[in-house]
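J.: Input: one structure, supplied below.
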Amino acid sequence: MGQLLRELFSIPLPGSILGLMLMFIALLLKIVPLEWVDSGAALLLSFLPLFFIPATVGVIDYFDVFAGKGAFLVVVLILSTLLTMAGAALTSQHLSRRFEAGKERS
Amino acid sequence: METLTLAVFFIALTAGAYFGMNLLYIKFHYSILMPALTATLLVILFLLLTETPYDTYMIGGQWIDRILGPAVVALAIPLYKQRKLLFDNLVPIFTGTLVGVSIGLFTGFALAKLFGFSEVLVLSLLPKSITSPVAMEIAEQIGGIPSLAAVFVMIAGFSGIIIGPAFLRVLRIETPIGLGMGFGASAHGIGTAKALEYGPREASVSSVAMSLSAVFGSFLAPVLVWLFFL
């Protein structure tokens, strides 16, 4: 459904994300009752890691990427991950403590 | 006929590795035993030992791969169930996610450029703090390599939960919102599993942060690429 919309309107967003947003809106507006999708979604999500194994296994064609200089990729990943964590955690904790004052931004 | 046999075999191999490793993880519950990591390694090991090319594996693997899209859509349901938490803390959660995603994309880009990595590697690295299935779609869209993106996502996730607890203590992050946002926005599903060790509220915030990061990242990653590569 999301994939279809994307092709129809050529929206530059992953189809699954469009689908997620549409489904969220449909649930909020009660177009889709929760009971219709609840158990199906729970089933899909409980196996979620299984579904991305095949794509991840594809890395066997790219092992050479991590050789030599490639080790620095791990350094980049760690640094950037920690900065992301600090940014998200500090901002949200700060704002949640002064929730009223933060209302003009959203 | 042979194709069908191969397909069934590789589907069974993947599912078997997943369920086996999942049992192990449930039993010992070390983060490092998460089936997303261990089952992937098992399958890779099998392919290497039997010298099976990836394309042959994907005769079966593609069928599992196809469920990934619908499974991401299913993330809307837990997000909906957490809507009260989300709407009650809309400003901190939205802003925190936006800041996290922006920092993640920008620093990933800047650092990778600084080290002089090739464009295709930089593009595969951008969505590293976004949950694997979406990160792979984003990578594909902006010209990166999806399976590399998935591995980068996993490295980011594990560095987040290994260094994260001490790091967040140093930063004096102690509220459920702060902790949940920190893990969810940087270490996605792996971080959310870690957040559960802190408490259910931390885990809920983390899963909301993970889903929102995926949505924001899908919007922002192409914008960043458009700004810097065109």
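Labeling convention for the structure tokens: chains A, B, ... as they appear, residues from 1 per chain, ligands from 1 in order of appearance.
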With 7 Å as the cut-off and only C-alpha atoms counted, what is the closest atom pair between each nearby residue of chain A and chain B? Distances in Å to one decimal, ordered by chain and number, as CSV.
T.:
residue,atom,partner,partner_atom,distance
A:Leu13,CA,B:Ser218,CA,5.9
A:Pro14,CA,B:Glu137,CA,5.9
A:Ser16,CA,B:Gly69,CA,5.1
A:Ile17,CA,B:Val215,CA,6.2
A:Gly19,CA,B:Val73,CA,5.3
A:Leu20,CA,B:Val73,CA,4.1
A:Met23,CA,B:Ala76,CA,6.1
A:Phe24,CA,B:Ala76,CA,5.1
A:Asp38,CA,B:Ile77,CA,6.8
A:Ala41,CA,B:Ala74,CA,4.9
A:Leu44,CA,B:Ala71,CA,5.5
A:Leu45,CA,B:Ala71,CA,6.2
A:Leu48,CA,B:Ala71,CA,6.6
A:Pro49,CA,B:Ala36,CA,5.2
A:Leu50,CA,B:Tyr18,CA,6.1
A:Phe51,CA,B:Leu68,CA,5.4
A:Phe52,CA,B:Asp65,CA,6.4
A:Ile53,CA,B:Thr40,CA,5.6
A:Pro54,CA,B:Gly61,CA,5.2
A:Ala55,CA,B:Ser147,CA,5.4
A:Thr56,CA,B:Ser147,CA,4.8
A:Val57,CA,B:Ile44,CA,6.0
A:Gly58,CA,B:Ser147,CA,5.2
A:Val59,CA,B:Ser147,CA,5.3
A:Ile60,CA,B:Ile44,CA,6.9
A:Val76,CA,B:Leu111,CA,5.9
A:Leu77,CA,B:Ala156,CA,5.7
A:Ile78,CA,B:Ser159,CA,5.8
A:Ser80,CA,B:Gly108,CA,5.4
A:Thr81,CA,B:Ser186,CA,5.6
A:Leu82,CA,B:Gly160,CA,6.6
A:Leu83,CA,B:Ile103,CA,6.8
A:Thr84,CA,B:Gly100,CA,4.7
A:Met85,CA,B:Gly182,CA,4.5
A:Ala86,CA,B:Gly182,CA,6.5
A:Gly87,CA,B:Gly100,CA,5.1
A:Ala88,CA,B:Gly100,CA,4.4
A:Ala89,CA,B:Gly182,CA,4.3
A:Leu90,CA,B:Gly178,CA,6.6
A:Thr91,CA,B:Gly96,CA,5.1
A:Ser92,CA,B:Pro92,CA,4.4
A:Gln93,CA,B:Gly178,CA,4.5
A:Leu95,CA,B:Pro92,CA,5.1
A:Ser96,CA,B:Pro92,CA,5.4
A:Gly102,CA,B:Val91,CA,7.0
A:Lys103,CA,B:Val91,CA,6.7
A:Arg105,CA,B:Val91,CA,6.9
A:Ser106,CA,B:Val91,CA,5.4
J.: DSSP on the backbone, alpha helix (DSSP H) only: what residues of region 24-93 of chain A does that give? Format it as a VMD selection string.
T.: chain A and resid 24 to 28 34 to 46 48 to 51 53 to 57 71 to 93
J.: Using only C-alpha atoms, which residue out of B:Leu49, B:Gly144, B:Ile162, B:Phe9 lies closest to Ile32 (chain B)?
T.: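 That would be B:Ile162, the residue with the smallest distance to Ile32 (chain B).
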J.: Enter the distance from CA of Gln82 (chain B) to CA of Tyr25 (chain B), in Å, rounded to one decimal.
T.: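 Between these atoms lies a distance of 26.3 Å.
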J.: Between CA of Leu33 (chain B) and CA of Ser213 (chain B), what is the distance in Å, rounded to a tenth?
T.: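 Interatomic distance, CA of Leu33 (chain B) to CA of Ser213 (chain B): 24.8 Å.
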J.: Report, in Å with one decimal, the straight-line distance from CA of His188 (chain B) to CA of Ser207 (chain B).
T.: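 Interatomic distance, CA of His188 (chain B) to CA of Ser207 (chain B): 7.5 Å.
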